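Contents: one structure, followed by commentary.
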Amino acid sequence: MEFVLTLVGPDPAQAATAADRVSSALAAAGAGVKAPIPLGDGALDIPVIAAPADVRARVEEALADVAVDACLQPAAGRRKRLLIADMDSTIINVECIDELADFAGVKAQVSEITERAMRGELDFEGALKARVAMLKGLPLADLQRAYDERVRLNPGARTLVRTMTAHGAKAFLVSGGFNFFTRRVAEAAGFDANRANSLIEADGVLAGRVGEPILGREAKLAALKEEAANLGIPLSQTLAVGDGANDLAMIEAAGLGVAYRAKPIVAAQADAKVDHADLTALLYFQGYRADQFVTD
């Protein structure tokens with residue numbers, strides 16, 4: 001079987017160095033390695049034939065001290081037809097609930113719970129209810145204020161979504177956060193649709209409760225399966241990206257599961273990690289060239 005190793009990094013020189021290291025390491029292990037194929041600045045494909053059984057370990061070892069992300073996968077079927085993306089700390093730069101907590105004066109307490117939940121140390125549903133309870137009484141106007149002042153698309157997010165959809169894929173934003181934010185972020189980034197939790201309101205303030213059923217880990221997996229079924233495609237033609245423990249099930253089930261700036265529990269199980277490049281790395285992983293990107 002022919003594989004392709006995609007290398008992406010913010011520094012083209014480091015990416016070139018990484019390509020030399022990886023090619024040498026794989027060739028020494030008996031793999032057939034072809035010449036690198038440029039995809040864009042700091043991005044390239046290396047076709048690999050007859051990869052050794054420990055190829056991933058060899059790649060990770062070769063890249064241990066360079067700021068370059070790697071994705072090794074079969075050459076066939078790289079371009080995906082469905083993107084399912086987490087929102088907080090993946091498509092956007094913040095955890096929205098932590099920013100709301102800042103306005104409520106309880107950010108330290110809420111952020112600690114968020115971090116533990118994303119690491120998989122706490123039950124997601126219970127942790128969400130506990131954090132939302134701390135927001136009771138927060139004026140609804142502060143939700144818009146948080147969006148306007150704190151929420152920004154992560155670098156490459158809009159290009160990722162718009163490029164995939166321009167080439168016929170569908171893109172869905174699926175969040176364990178809140179639909180007040182997913183609706184706005186989905187529109188800003190170009191997603192086809194979004195799913196998230198709802199905050200219950202009363203008399204112009206938050207009631208301290210979240211709507212049921214709560215969208216968490218299993219609901220994200222269900223969204224992946226449902227949207228793939230709606231498109232009539234196998235899960236092998238899907239791409240999922242996220243950073244926290246509640247993203248793990250969809251990342252493991254997708255044809256290509258990517259951990260973006262992720263917690264260790266997620267990074268350890270994902271097909272690929274993006275720790276250095278921006279979100280356009282997910283396009284390069286699919287074989288898109290930079291001149292095929294849809295940008296503003």
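Identifiers for the structure tokens are assigned positionally: chains receive A, B, ... in sequence, residues are indexed from 1 per chain, and ligands are indexed from 1 in the order shown.
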With only C-alpha atoms as the counted atoms, please give the residues lying no more than 9 Å from Ile49 (chain A), apart from itself and same-chain residues fewer than 3 positions off, as a ChimeraX atom specification.
/A:1-4,31-34
Limited to N, CA and C atoms, could you put the picked residues into a file as a PDB file, in the first residue's frame?
```pdb
ATOM      1  N   MET A   1       0.842  -1.193   0.000  1.00  0.00           N
ATOM      2  CA  MET A   1       0.000   0.000   0.000  1.00  0.00           C
ATOM      3  C   MET A   1       0.883   1.250   0.000  1.00  0.00           C
ATOM      4  N   GLU A   2       0.449   2.245  -0.738  1.00  0.00           N
ATOM      5  CA  GLU A   2       1.186   3.505  -0.746  1.00  0.00           C
ATOM      6  C   GLU A   2       0.601   4.454   0.290  1.00  0.00           C
ATOM      7  N   PHE A   3       1.491   5.027   1.066  1.00  0.00           N
ATOM      8  CA  PHE A   3       1.114   6.014   2.066  1.00  0.00           C
ATOM      9  C   PHE A   3       1.627   7.381   1.636  1.00  0.00           C
ATOM     10  N   VAL A   4       1.126   8.407   2.323  1.00  0.00           N
ATOM     11  CA  VAL A   4       1.686   9.733   2.113  1.00  0.00           C
ATOM     12  C   VAL A   4       1.894  10.365   3.483  1.00  0.00           C
ATOM     13  N   ALA A  31      11.946   1.454   4.016  1.00  0.00           N
ATOM     14  CA  ALA A  31      10.772   1.963   3.309  1.00  0.00           C
ATOM     15  C   ALA A  31      11.175   2.551   1.966  1.00  0.00           C
ATOM     16  N   GLY A  32      10.252   2.498   1.011  1.00  0.00           N
ATOM     17  CA  GLY A  32      10.462   3.176  -0.253  1.00  0.00           C
ATOM     18  C   GLY A  32       9.975   4.605  -0.121  1.00  0.00           C
ATOM     19  N   VAL A  33      10.870   5.550  -0.249  1.00  0.00           N
ATOM     20  CA  VAL A  33      10.541   6.959  -0.046  1.00  0.00           C
ATOM     21  C   VAL A  33      10.781   7.721  -1.345  1.00  0.00           C
ATOM     22  N   LYS A  34       9.750   8.408  -1.807  1.00  0.00           N
ATOM     23  CA  LYS A  34       9.870   9.196  -3.030  1.00  0.00           C
ATOM     24  C   LYS A  34      10.220  10.641  -2.699  1.00  0.00           C
TER      25      LYS A  34
END
```
Counting only C-alpha atoms, which residues of region 26-128 of chain A fall within 9 Å of region 249-259 of chain A, and what is the closest atom pair for each with its distance in Å at one decimal, ordered by chain and rising number, as JSON lines?
```
{"residue": "A:Gln73", "atom": "CA", "partner": "A:Leu256", "partner_atom": "CA", "distance": 8.5}
{"residue": "A:Arg78", "atom": "CA", "partner": "A:Leu256", "partner_atom": "CA", "distance": 8.4}
{"residue": "A:Lys80", "atom": "CA", "partner": "A:Gly255", "partner_atom": "CA", "distance": 8.1}
{"residue": "A:Ile84", "atom": "CA", "partner": "A:Met250", "partner_atom": "CA", "distance": 8.3}
{"residue": "A:Thr90", "atom": "CA", "partner": "A:Ala259", "partner_atom": "CA", "distance": 9.0}
```
Which one of A:Gly287, A:Ala169, A:Gln14, A:Asp203 sits closest to Pro47 (chain A) if you count only C-alpha atoms?
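Using only C-alpha atoms, Pro47 (chain A) sits closest to A:Gly287.
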Can you list every residue in region 93-238 of chain A that DSSP puts in helix (DSSP H, G or I), as a PyMOL selection string?
chain A and resi 96-104+107-118+124-133+141-150+157-166+179-189+217-231+235-237
Just want the 10 Å neighbourhood of region 18-23 of chain A, counted on only C-alpha atoms, with same-chain residues fewer than 5 positions away dropped. Output as a ChimeraX atom specification.
/A:5-9,12-13,28-29,31-36,43-48,55,58-70
As JSON, numbers by chain, which residues of region 48-222 of chain A does DSSP assign to strand (DSSP E or B)?
{"A": [48, 49, 69, 70, 71, 72, 73, 74, 82, 83, 84, 85, 92, 139, 153, 170, 171, 172, 173, 174, 175, 176, 177, 178, 193, 194, 195, 196, 197, 199, 200, 201, 202, 205, 206, 207, 208, 209, 210]}
Please identify every residue of region 186-265 of chain A that has at least one atom no farther than 10 Å from an atom of region 140-147 of chain A, counting only C-alpha atoms, and for each give the shortest atom pair and the distance in Å to one decimal, arranged by chain then increasing number, as a Markdown table.
```
| residue | atom | partner | partner_atom | distance |
| --- | --- | --- | --- | --- |
| A:Glu201 | CA | A:Leu140 | CA | 7.9 |
| A:Ala202 | CA | A:Leu140 | CA | 9.4 |
| A:Asp203 | CA | A:Leu140 | CA | 9.3 |
| A:Gly204 | CA | A:Leu140 | CA | 5.8 |
| A:Val205 | CA | A:Leu140 | CA | 5.1 |
| A:Leu206 | CA | A:Leu140 | CA | 6.5 |
```
Find the spatial neighbours of Leu153 (chain A), counting only C-alpha atoms, within a cut-off of 8 Å - ignore same-chain residues fewer than 5 positions away - and output them as a PDB file with N, CA and C atoms, in the first residue's frame.
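selection-v1.pdb, freshly written:
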```
ATOM      1  N   ILE A  91     -11.833  25.897  16.731  1.00  0.00           N
ATOM      2  CA  ILE A  91     -12.144  26.866  15.689  1.00  0.00           C
ATOM      3  C   ILE A  91     -11.974  28.289  16.200  1.00  0.00           C
ATOM      4  N   ILE A  92     -12.225  28.502  17.493  1.00  0.00           N
ATOM      5  CA  ILE A  92     -12.002  29.820  18.090  1.00  0.00           C
ATOM      6  C   ILE A  92     -10.930  29.763  19.165  1.00  0.00           C
ATOM      7  N   ASN A  93     -10.530  30.938  19.629  1.00  0.00           N
ATOM      8  CA  ASN A  93      -9.351  31.081  20.475  1.00  0.00           C
ATOM      9  C   ASN A  93      -9.609  30.889  21.960  1.00  0.00           C
ATOM     10  N   ARG A 158     -11.308  29.910   8.894  1.00  0.00           N
ATOM     11  CA  ARG A 158     -12.220  30.270   7.807  1.00  0.00           C
ATOM     12  C   ARG A 158     -11.729  29.687   6.475  1.00  0.00           C
ATOM     13  N   VAL A 185     -20.331  31.916  15.316  1.00  0.00           N
ATOM     14  CA  VAL A 185     -19.049  31.397  14.816  1.00  0.00           C
ATOM     15  C   VAL A 185     -19.246  30.637  13.507  1.00  0.00           C
ATOM     16  N   ALA A 189     -17.292  31.645  10.080  1.00  0.00           N
ATOM     17  CA  ALA A 189     -16.318  30.732   9.466  1.00  0.00           C
ATOM     18  C   ALA A 189     -16.829  30.089   8.181  1.00  0.00           C
TER      19      ALA A 189
END
```
Counting only C-alpha atoms, the option among A:Gly216, A:Thr165, A:Asn230, A:Ala223 closest to Arg81 (chain A):
A:Thr165
Shortest interatomic distance to Ala193 (chain A) - which of A:Val241, A:Ala75, A:Val161, A:Cys96, counting only C-alpha atoms:
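Among the listed residues, the smallest separation from Ala193 (chain A) belongs to A:Val161.
Comparing the minimum interatomic distances between Ala196 (chain A) and each of A:His167, A:Arg79, A:Arg289, A:Lys220, counting only C-alpha atoms, we find that A:Lys220 sits nearest.
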Identify which of the residues A:Ser236, A:Arg119, A:Ala222, A:Gly211 lies closest to Pro264 (chain A), counting only C-alpha atoms when measuring atom-to-atom distances.
A:Arg119
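Distances from A:Ala15, A:Leu135, A:Ala85, A:Ala50 to Leu100 (chain A) were compared using only C-alpha atoms, and the smallest one belongs to A:Leu135.
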Tell me which protein, DNA and RNA residues are within 10 Å of Glu227 (chain A), counting only C-alpha atoms, leaving out same-chain ones fewer than 6 positions away, and put them as a ChimeraX atom specification.
/A:82-84,170-172,233,235,238
Would you mind exporting C-alpha atoms of the selected residues as a compact mmCIF listing (two decimals), in the first residue's frame?
```txt
# COMPACT_ATOMS: atom_id res chain seq x y z
CA LEU A 82 -17.45 15.89 5.69
CA LEU A 83 -15.84 18.08 8.36
CA ILE A 84 -17.05 17.92 11.96
CA LYS A 170 -20.06 19.73 4.08
CA ALA A 171 -18.88 21.36 7.30
CA PHE A 172 -20.60 21.21 10.69
CA ILE A 233 -20.75 8.38 2.78
CA LEU A 235 -16.92 7.34 8.02
CA THR A 238 -14.97 12.17 7.24
```
So how many Å separate CA of Asn197 (chain A) and CA of Glu212 (chain A), to one decimal?
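CA of Glu212 (chain A) lies at a distance of 8.0 Å from CA of Asn197 (chain A).
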